[in-house]
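Peer 1: Submitted below is the structure of interest, expressed as structure tokens.
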Amino acid sequence: MRGYKCTTHWTAMDRLAAYGATPVNQRVVFDRTLATGAGVTAGIGLALAMVSTLAGEDAARKICLMMEYAPEPPFPGSPQSADPSTVKALQATIAIARQIETIDAAAIAKLE
């Protein structure tokens, strides 16, 4: 990923630099030979964009219609639109999970 513009789920955006990537806050990013998507539903957008590139916009539109892809989420689904208290609560949960991952990795390394 070194030297590529990339995106990912917003909770992992700060980790892209460790792979040499330049983080970009977009749902879908195409940079030369690499395509990345941000989050779960952005994967659908990425797939549709790839179909459009490879097989044409008409094919992508047909797939979108076949899937009946017309998202109307009941709650805001990005850190920019979500309630700040919800964002902070999720960030705290993720921080704890990352600490557990670090502890687990250290324990596994000792066993090896």
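Just remember, in the structure tokens the first chain shown is A, the second B, etc., residues are 1-based per chain, and ligands are 1-based in the order shown.
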Might you pull out every residue within 6 Å of Ala21 of chain A, with only C-alpha atoms counted and same-chain residues fewer than 6 positions away left off, and present them as a list in words?
Peer 2: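 Answer for this query is Met1, Arg2, Gly3, Tyr4 and Lys5 of chain A.
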Peer 1: Looking only at the backbone, which of the residues in chain A does DSSP tag as helix (DSSP H, G or I), as number ranges by chain?
Peer 2: A: 10-19, 40-55, 57-67, 84-111
Peer 1: Can you tell me, as a PyMOL selection string, what residues are no more than 12 Å from Pro73 of chain A when counting only C-alpha atoms, ignoring any on the same chain fewer than 5 positions away?
Peer 2: chain A and resi 41+78+81-82
Peer 1: Those residues you just picked out, can you put them in a file as a PDB file, in the first residue's frame with all heavy atoms?
Peer 2:
```pdb
ATOM      1  N   THR A  41     -20.941  -1.030   4.052  1.00  0.00           N
ATOM      2  CA  THR A  41     -21.789  -0.686   2.912  1.00  0.00           C
ATOM      3  C   THR A  41     -21.004  -0.016   1.794  1.00  0.00           C
ATOM      4  O   THR A  41     -21.404  -0.084   0.634  1.00  0.00           O
ATOM      5  CB  THR A  41     -22.961   0.224   3.326  1.00  0.00           C
ATOM      6  OG1 THR A  41     -22.445   1.425   3.895  1.00  0.00           O
ATOM      7  CG2 THR A  41     -23.873  -0.479   4.312  1.00  0.00           C
ATOM      8  N   SER A  78     -22.200   7.562   9.816  1.00  0.00           N
ATOM      9  CA  SER A  78     -20.814   8.000   9.675  1.00  0.00           C
ATOM     10  C   SER A  78     -20.463   8.868  10.880  1.00  0.00           C
ATOM     11  O   SER A  78     -21.348   9.460  11.499  1.00  0.00           O
ATOM     12  CB  SER A  78     -20.623   8.811   8.384  1.00  0.00           C
ATOM     13  OG  SER A  78     -21.169  10.105   8.525  1.00  0.00           O
ATOM     14  N   SER A  81     -21.899  12.379  10.751  1.00  0.00           N
ATOM     15  CA  SER A  81     -23.337  12.623  10.900  1.00  0.00           C
ATOM     16  C   SER A  81     -23.933  12.038  12.185  1.00  0.00           C
ATOM     17  O   SER A  81     -25.035  12.399  12.569  1.00  0.00           O
ATOM     18  CB  SER A  81     -24.091  12.059   9.694  1.00  0.00           C
ATOM     19  OG  SER A  81     -23.879  10.659   9.580  1.00  0.00           O
ATOM     20  N   ALA A  82     -23.211  11.146  12.838  1.00  0.00           N
ATOM     21  CA  ALA A  82     -23.725  10.508  14.057  1.00  0.00           C
ATOM     22  C   ALA A  82     -23.648  11.463  15.249  1.00  0.00           C
ATOM     23  O   ALA A  82     -22.882  12.427  15.250  1.00  0.00           O
ATOM     24  CB  ALA A  82     -22.925   9.237  14.356  1.00  0.00           C
TER      25      ALA A  82
END
```
Peer 1: So which residues of segment 34-74 of chain A fall under strand (DSSP E or B) by DSSP, listed as a ChimeraX atom specification?
Peer 2: /A:34-37
Peer 1: Smallest atom-to-atom distance to Asn25 of chain A: which of A:Ala59, A:Ile94, A:Val40, A:Cys6, using only C-alpha atoms?
Peer 2: A:Cys6
